[in-house]
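Colleague: Sharing protein-v4.cif (mmCIF, C-alpha atoms) below.
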data_my_file
loop_
_atom_site.label_atom_id
_atom_site.label_comp_id
_atom_site.auth_asym_id
_atom_site.auth_seq_id
_atom_site.Cartn_x
_atom_site.Cartn_y
_atom_site.Cartn_z
CA MET G 1 -27.19 -10.64 -45.05
CA GLY G 2 -30.23 -9.54 -43.01
CA SER G 3 -30.84 -10.19 -39.31
CA LEU G 4 -33.80 -12.44 -40.13
CA ASP G 5 -31.58 -14.68 -42.25
CA LEU G 6 -29.07 -14.93 -39.40
CA ILE G 7 -31.80 -15.78 -36.89
CA GLN G 8 -33.12 -18.52 -39.18
CA GLN G 9 -29.60 -19.94 -39.50
CA ALA G 10 -29.10 -19.77 -35.73
CA LEU G 11 -32.38 -21.59 -35.10
CA ALA G 12 -31.47 -24.23 -37.67
CA THR G 13 -28.11 -24.76 -35.95
CA ALA G 14 -29.78 -25.11 -32.54
CA SER G 15 -32.46 -27.50 -33.83
CA GLY G 16 -29.69 -29.67 -35.27
CA GLY G 17 -28.07 -29.99 -31.86
CA GLY G 18 -25.45 -27.29 -32.31
CA LYS G 19 -25.03 -23.88 -30.71
CA ALA G 20 -24.92 -20.42 -32.22
CA ALA G 21 -24.83 -16.79 -31.18
CA ILE G 22 -25.82 -13.59 -32.96
CA ALA G 23 -23.84 -10.42 -32.28
CA THR G 24 -25.68 -7.21 -33.21
CA VAL G 25 -24.48 -3.60 -33.14
CA VAL G 26 -27.11 -1.80 -31.01
CA ARG G 27 -25.46 1.59 -30.33
CA THR G 28 -22.81 3.71 -32.00
CA ASP G 29 -21.17 7.04 -31.25
CA ARG G 30 -18.87 8.92 -33.64
CA SER G 31 -16.71 7.01 -36.09
CA VAL G 32 -17.17 3.21 -36.03
CA PRO G 33 -16.72 0.44 -38.64
CA ARG G 34 -20.39 -0.64 -38.75
CA ARG G 35 -23.72 0.99 -38.00
CA ILE G 36 -26.66 -0.01 -35.80
CA GLY G 37 -28.22 -3.27 -37.00
CA ALA G 38 -25.05 -4.81 -38.39
CA ALA G 39 -24.95 -8.44 -37.24
CA MET G 40 -22.82 -11.55 -37.27
CA LEU G 41 -23.66 -15.20 -36.66
CA ILE G 42 -21.08 -17.29 -34.79
CA ARG G 43 -21.48 -21.08 -34.60
CA ASP G 44 -19.88 -23.45 -32.12
CA ASP G 45 -18.01 -25.16 -34.96
CA GLY G 46 -16.13 -21.91 -35.59
CA SER G 47 -17.96 -20.86 -38.75
CA ARG G 48 -19.40 -17.35 -39.11
CA SER G 49 -21.73 -15.32 -41.30
CA GLY G 50 -21.88 -11.52 -41.47
CA THR G 51 -19.65 -9.04 -39.66
CA VAL G 52 -19.74 -6.40 -36.94
CA GLY G 53 -16.63 -4.61 -38.11
CA GLY G 54 -13.70 -6.99 -38.38
CA GLY G 55 -10.32 -6.69 -36.76
CA GLU G 56 -9.49 -7.03 -33.09
CA MET G 57 -12.92 -5.85 -31.97
CA GLU G 58 -14.68 -8.58 -33.95
CA SER G 59 -12.20 -11.15 -32.63
CA ARG G 60 -13.15 -10.17 -29.09
CA VAL G 61 -16.85 -10.47 -29.95
CA VAL G 62 -16.25 -14.01 -31.23
CA ASP G 63 -14.54 -14.92 -27.95
CA VAL G 64 -17.46 -13.55 -25.93
CA ALA G 65 -19.91 -15.40 -28.18
CA ALA G 66 -18.15 -18.65 -27.26
CA GLU G 67 -18.68 -17.82 -23.58
CA ALA G 68 -22.36 -17.07 -24.23
CA MET G 69 -22.79 -20.40 -26.02
CA ALA G 70 -21.22 -22.15 -23.03
CA ASP G 71 -23.52 -20.74 -20.35
CA GLY G 72 -26.58 -19.66 -22.32
CA GLN G 73 -26.45 -16.07 -21.07
CA PRO G 74 -26.57 -13.00 -23.36
CA ARG G 75 -24.04 -10.20 -23.09
CA LEU G 76 -24.04 -6.47 -23.81
CA LEU G 77 -20.54 -5.31 -24.76
CA THR G 78 -19.17 -1.77 -25.05
CA TYR G 79 -16.07 -1.07 -27.13
CA ARG G 80 -14.03 2.15 -27.36
CA LEU G 81 -12.16 2.36 -30.63
CA VAL G 82 -9.73 5.14 -29.77
CA ASP G 83 -6.35 4.10 -28.35
CA PRO G 84 -4.99 0.54 -28.77
CA SER G 85 -2.14 1.36 -26.39
CA THR G 86 -4.70 1.42 -23.58
CA GLY G 87 -6.35 -1.81 -24.72
CA ASP G 88 -8.92 -0.47 -27.18
CA PRO G 89 -9.62 -2.86 -30.09
CA GLY G 90 -9.36 -0.18 -32.79
CA VAL G 91 -8.55 3.42 -33.77
CA CYS G 92 -11.72 4.58 -35.52
CA GLY G 93 -12.37 7.18 -32.82
CA GLY G 94 -15.83 6.14 -31.67
CA GLU G 95 -17.73 3.75 -29.43
CA MET G 96 -20.14 0.92 -30.12
CA ASP G 97 -22.31 -1.46 -28.13
CA VAL G 98 -22.72 -5.05 -29.33
CA TYR G 99 -25.44 -7.36 -28.02
CA VAL G 100 -24.55 -11.07 -28.09
CA GLU G 101 -27.46 -13.52 -27.87
CA PRO G 102 -26.96 -17.31 -27.76
CA TYR G 103 -29.20 -19.82 -29.54
CA MET G 104 -29.12 -23.43 -28.36
CA ASN G 105 -31.20 -26.43 -27.39
CA THR G 106 -33.04 -26.75 -24.09
CA ALA G 107 -30.79 -27.24 -21.07
CA SER G 108 -30.18 -30.87 -20.09
CA LEU G 109 -31.04 -32.51 -16.77
CA LEU G 110 -29.35 -35.82 -16.01
CA ILE G 111 -31.09 -37.97 -13.40
CA ILE G 112 -28.95 -40.76 -11.98
CA GLY G 113 -31.21 -43.38 -10.44
CA ALA G 114 -34.55 -44.53 -11.82
CA GLY G 115 -36.27 -45.50 -8.60
CA HIS G 116 -39.48 -43.92 -7.28
CA VAL G 117 -37.91 -40.50 -6.70
CA GLY G 118 -35.92 -40.55 -9.92
CA ARG G 119 -39.03 -41.29 -11.95
CA ALA G 120 -40.97 -38.55 -10.17
CA VAL G 121 -38.16 -36.04 -10.85
CA CYS G 122 -38.11 -37.19 -14.47
CA GLU G 123 -41.83 -36.53 -14.93
CA LEU G 124 -41.70 -33.12 -13.28
CA ALA G 125 -38.57 -32.07 -15.17
CA GLN G 126 -40.18 -32.96 -18.49
CA TRP G 127 -43.26 -30.96 -17.56
CA THR G 128 -41.11 -27.94 -16.70
CA GLY G 129 -39.25 -27.98 -20.01
CA TRP G 130 -35.92 -29.69 -19.40
CA ASP G 131 -34.20 -32.02 -21.85
CA VAL G 132 -34.29 -35.05 -19.53
CA HIS G 133 -31.80 -37.93 -19.48
CA LEU G 134 -32.23 -40.83 -17.06
CA TRP G 135 -29.57 -43.39 -16.15
CA ASP G 136 -29.73 -46.55 -14.06
CA ASP G 137 -27.56 -49.64 -13.93
CA ARG G 138 -30.63 -51.86 -13.43
CA PRO G 139 -32.34 -52.64 -16.76
CA GLU G 140 -35.65 -53.41 -15.07
CA GLN G 141 -35.84 -49.86 -13.73
CA LEU G 142 -35.76 -48.46 -17.24
CA GLU G 143 -38.63 -50.54 -18.54
CA GLU G 144 -41.96 -48.93 -19.43
CA LEU G 145 -40.58 -45.39 -19.40
CA ASP G 146 -42.20 -42.72 -21.54
CA ASP G 147 -40.78 -42.80 -25.07
CA ALA G 148 -39.83 -39.12 -24.70
CA VAL G 149 -37.32 -39.97 -21.96
CA ASN G 150 -33.71 -40.46 -23.01
CA SER G 151 -32.78 -43.50 -20.92
CA TYR G 152 -29.39 -45.11 -20.47
CA GLY G 153 -27.95 -48.23 -18.87
CA GLY G 154 -24.45 -49.62 -18.74
CA VAL G 155 -21.34 -47.89 -17.39
CA LEU G 156 -22.12 -44.28 -16.49
CA SER G 157 -18.60 -42.96 -17.18
CA GLU G 158 -18.95 -44.21 -20.75
CA VAL G 159 -22.54 -43.01 -21.18
CA LEU G 160 -21.72 -39.45 -20.09
CA ALA G 161 -20.02 -38.77 -23.42
CA ASP G 162 -23.39 -39.19 -25.16
CA ILE G 163 -25.31 -36.78 -22.91
CA PRO G 164 -25.27 -33.07 -23.93
CA LEU G 165 -24.14 -31.56 -20.62
CA ASP G 166 -22.91 -27.97 -20.50
CA ALA G 167 -22.70 -25.02 -18.12
CA ARG G 168 -26.51 -24.74 -18.07
CA SER G 169 -27.08 -28.37 -17.12
CA ALA G 170 -28.04 -29.97 -13.82
CA ILE G 171 -27.35 -33.45 -12.46
CA VAL G 172 -29.64 -35.06 -9.89
CA MET G 173 -28.27 -38.15 -8.11
CA VAL G 174 -31.01 -40.17 -6.40
CA THR G 175 -29.07 -43.37 -5.94
CA ARG G 176 -29.61 -46.34 -3.66
CA ASN G 177 -26.42 -46.69 -1.59
CA VAL G 178 -22.98 -45.36 -0.65
CA PRO G 179 -20.89 -47.82 -2.73
CA LEU G 180 -22.73 -46.75 -5.89
CA ASP G 181 -22.21 -43.06 -5.06
CA VAL G 182 -18.49 -43.64 -4.53
CA GLU G 183 -18.32 -45.43 -7.87
CA LEU G 184 -20.21 -42.76 -9.83
CA ILE G 185 -19.27 -39.41 -8.32
CA PRO G 186 -15.65 -39.21 -9.60
CA ALA G 187 -16.96 -39.12 -13.17
CA VAL G 188 -19.96 -36.93 -12.35
CA VAL G 189 -17.98 -34.10 -10.72
CA LYS G 190 -15.90 -33.70 -13.87
CA GLN G 191 -18.98 -32.71 -15.90
CA PRO G 192 -19.57 -29.02 -16.78
CA ALA G 193 -22.93 -28.80 -15.00
CA ALA G 194 -24.17 -25.76 -13.10
CA TYR G 195 -25.62 -27.96 -10.34
CA ILE G 196 -24.95 -31.44 -8.97
CA GLY G 197 -27.24 -32.63 -6.18
CA LEU G 198 -27.11 -35.88 -4.20
CA MET G 199 -29.91 -37.44 -2.17
CA GLY G 200 -29.06 -38.82 1.26
CA SER G 201 -28.63 -37.96 4.91
CA ALA G 202 -25.77 -35.96 6.39
CA ARG G 203 -24.45 -39.16 7.94
CA ARG G 204 -24.49 -40.98 4.62
CA TRP G 205 -22.67 -38.07 2.98
CA SER G 206 -20.02 -38.03 5.69
CA THR G 207 -19.23 -41.67 4.93
CA THR G 208 -19.35 -41.10 1.17
CA LYS G 209 -17.10 -38.05 1.34
CA LYS G 210 -14.41 -39.89 3.31
CA LEU G 211 -14.42 -42.76 0.85
CA LEU G 212 -14.21 -40.34 -2.09
CA ILE G 213 -11.19 -38.60 -0.60
CA ASP G 214 -9.55 -41.96 -0.01
CA ALA G 215 -10.26 -42.78 -3.66
CA GLY G 216 -8.45 -39.65 -4.84
CA CYS G 217 -11.22 -37.07 -5.30
CA SER G 218 -10.12 -33.53 -4.47
CA GLU G 219 -11.90 -31.23 -2.03
CA ASP G 220 -12.72 -28.88 -4.92
CA GLU G 221 -14.41 -31.68 -6.82
CA ILE G 222 -16.35 -32.86 -3.79
CA SER G 223 -17.46 -29.31 -2.97
CA ARG G 224 -19.47 -29.28 -6.19
CA ILE G 225 -21.97 -31.71 -4.63
CA SER G 226 -25.07 -30.20 -3.02
CA THR G 227 -26.43 -32.53 -0.36
CA PRO G 228 -28.90 -33.28 1.05
CA ILE G 229 -30.66 -32.47 -2.19
CA GLY G 230 -33.83 -30.38 -2.37
CA LEU G 231 -35.37 -27.44 -0.56
CA GLU G 232 -36.75 -28.15 2.92
CA ILE G 233 -40.53 -28.18 2.44
CA GLY G 234 -41.44 -31.16 4.59
CA ALA G 235 -41.65 -33.45 1.56
CA GLU G 236 -42.47 -37.13 2.20
CA THR G 237 -43.78 -38.79 -0.96
CA PRO G 238 -41.65 -39.28 -4.09
CA GLU G 239 -43.73 -36.64 -5.85
CA GLN G 240 -43.25 -34.11 -3.04
CA ILE G 241 -39.53 -34.86 -2.90
CA ALA G 242 -39.36 -34.30 -6.66
CA ILE G 243 -40.92 -30.86 -6.18
CA SER G 244 -38.32 -29.96 -3.56
CA ILE G 245 -35.50 -31.19 -5.80
CA MET G 246 -36.66 -29.37 -8.91
CA ALA G 247 -37.21 -26.19 -6.92
CA GLU G 248 -33.57 -26.31 -5.85
CA VAL G 249 -32.43 -27.12 -9.40
CA VAL G 250 -34.31 -24.14 -10.81
CA ARG G 251 -32.96 -21.83 -8.12
CA ALA G 252 -29.39 -23.01 -8.64
CA THR G 253 -29.44 -22.78 -12.45
CA SER G 254 -31.33 -19.48 -12.74
CA THR G 255 -29.17 -17.42 -10.36
CA ARG G 256 -25.73 -18.11 -11.81
#
The structure in this file should be written as structure tokens.
Modeller:
Amino acid sequence: MGSLDLIQQALATASGGGKAAIATVVRTDRSVPRRIGAAMLIRDDGSRSGTVGGGEMESRVVDVAAEAMADGQPRLLTYRLVDPSTGDPGVCGGEMDVYVEPYMNTASLLIIGAGHVGRAVCELAQWTGWDVHLWDDRPEQLEELDDAVNSYGGVLSEVLADIPLDARSAIVMVTRNVPLDVELIPAVVKQPAAYIGLMGSARRWSTTKKLLIDAGCSEDEISRISTPIGLEIGAETPEQIAISIMAEVVRATSTR
């Protein structure tokens, strides 16, 4: 099966909401099971097409492909196939490099709070290419949103199961008060997002943090929250605040 066929399959998987990765042999030296250009498609449902050599080495490639599909980052792997007693995944006598490239949908941004700032963040995030999801417990705040926005009401802890959050995702909390933050954060900090930011003053956060600890949140969970949210640029209007927030989101998710 050619590389083009595998790429088309990977793109089809991603467009259908799944994840895939293509592992390609890009360098060989001496005796190895496959030559340059050999490729394998690994999907997040466990299915595969093609091969990069089989055996323990291929098993390790599959494991790394799962990691790449989790965080969206490619990998370049080098394998010595000489001495299994020292940890090598084979005895062919050579070396090979395998490049693993993930294919998946656009990273998701969950905005919690559909007030003036939340709507401004939503508009800017759409413009900058995120898969945007917007939640608010007030139905009136979700009215008249752009049809392209994935909007949610109801109980957030139940809604989270329907939002495609992964290690590339970001969560922006622009909520209206401390009691709501205390209600929502225990579920939010359990999500596999790269960034979780919360709007509010240092004093508000001090109160929120104490209440969260009293409610059973651990220090490790609470430490995932970045607050006050946004880069300090002297922002005042909702639109300016949205710029500061998205700048921090981009910085946090692009430097992992």
Colleague: Give as a PyMOL selection string the residues that the PyMOL selection byres ((chain G and resi 195-212) around 8) matches when applied to the coordinates above.
Modeller: chain G and resi 169-175+178-179+181-182+186+189+193-194+213-217+222+224-230+249+252-253
Colleague: Which is closest to Leu11 (chain G) among G:Glu239, G:Glu101, G:Glu58, G:Asp83, if we use all atoms listed in the file?
Modeller: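 Nearest to Leu11 (chain G): G:Glu101.
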Colleague: Please provide as a list in words all residues within 7 Å of Val91 (chain G), with the sequence filter that same-chain residues fewer than 5 positions apart are discarded (counting only C-alpha atoms).
Modeller: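 Once the adjacent positions are removed, what remains is Leu81, Val82, Asp83 and Pro84 of chain G.
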Colleague: Using all atoms listed in the file, which residue out of G:Val62, G:Asp147, G:Val188, G:Asn105 lies closest to Pro164 (chain G)?
Modeller: G:Asn105
Colleague: Kindly resolve the PyMOL selection byres ((chain G and resi 47) around 12) on the present coordinates and return the residues as a list of chain:residue names.
Modeller: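 With the shown file as input, the PyMOL selection byres ((chain G and resi 47) around 12) matches G:Gln9, G:Ala10, G:Thr13, G:Gly18, G:Lys19, G:Ala20, G:Ala21, G:Met40, G:Leu41, G:Ile42, G:Arg43, G:Asp44, G:Asp45, G:Gly46, G:Arg48, G:Ser49, G:Gly50, G:Thr51, G:Val62, G:Ala66.
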Colleague: For the selection just defined, write its residues with C-alpha atoms to a file, as an mmCIF file, in the coordinates of the input.
Modeller:
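Result file follows (part11.cif):
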data_model
loop_
_atom_site.group_PDB
_atom_site.id
_atom_site.type_symbol
_atom_site.label_atom_id
_atom_site.label_comp_id
_atom_site.auth_asym_id
_atom_site.auth_seq_id
_atom_site.Cartn_x
_atom_site.Cartn_y
_atom_site.Cartn_z
ATOM 1 C CA GLN G 9 -29.600 -19.940 -39.500
ATOM 2 C CA ALA G 10 -29.100 -19.770 -35.730
ATOM 3 C CA THR G 13 -28.110 -24.760 -35.950
ATOM 4 C CA GLY G 18 -25.450 -27.290 -32.310
ATOM 5 C CA LYS G 19 -25.030 -23.880 -30.710
ATOM 6 C CA ALA G 20 -24.920 -20.420 -32.220
ATOM 7 C CA ALA G 21 -24.830 -16.790 -31.180
ATOM 8 C CA MET G 40 -22.820 -11.550 -37.270
ATOM 9 C CA LEU G 41 -23.660 -15.200 -36.660
ATOM 10 C CA ILE G 42 -21.080 -17.290 -34.790
ATOM 11 C CA ARG G 43 -21.480 -21.080 -34.600
ATOM 12 C CA ASP G 44 -19.880 -23.450 -32.120
ATOM 13 C CA ASP G 45 -18.010 -25.160 -34.960
ATOM 14 C CA GLY G 46 -16.130 -21.910 -35.590
ATOM 15 C CA ARG G 48 -19.400 -17.350 -39.110
ATOM 16 C CA SER G 49 -21.730 -15.320 -41.300
ATOM 17 C CA GLY G 50 -21.880 -11.520 -41.470
ATOM 18 C CA THR G 51 -19.650 -9.040 -39.660
ATOM 19 C CA VAL G 62 -16.250 -14.010 -31.230
ATOM 20 C CA ALA G 66 -18.150 -18.650 -27.260
#
Colleague: Run the PyMOL selection byres ((chain G and resi 118) around 12) mentally over the shown coordinates, then write out the matched residues as an MDAnalysis selection string, using the chain letters and numbers from the document.
Modeller: chainID G and resid 109:117 119:125 132:136 141:142 145 151 171:176 198:199 238:243 245:246
Colleague: Check the smallest atom-to-atom distance from each of G:Ser218, G:Gln8, G:Ser157, G:Thr24 to Pro74 (chain G) using all atoms listed in the file, then report the winner.
Modeller: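 Among the listed residues, G:Thr24 lies closest to Pro74 (chain G).
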Colleague: Rounded to one decimal in Å, what is the spacing between CA of Thr237 (chain G) and CA of Asp137 (chain G)?
Modeller: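 Spanning CA of Thr237 (chain G) to CA of Asp137 (chain G) is a straight-line distance of 23.4 Å.
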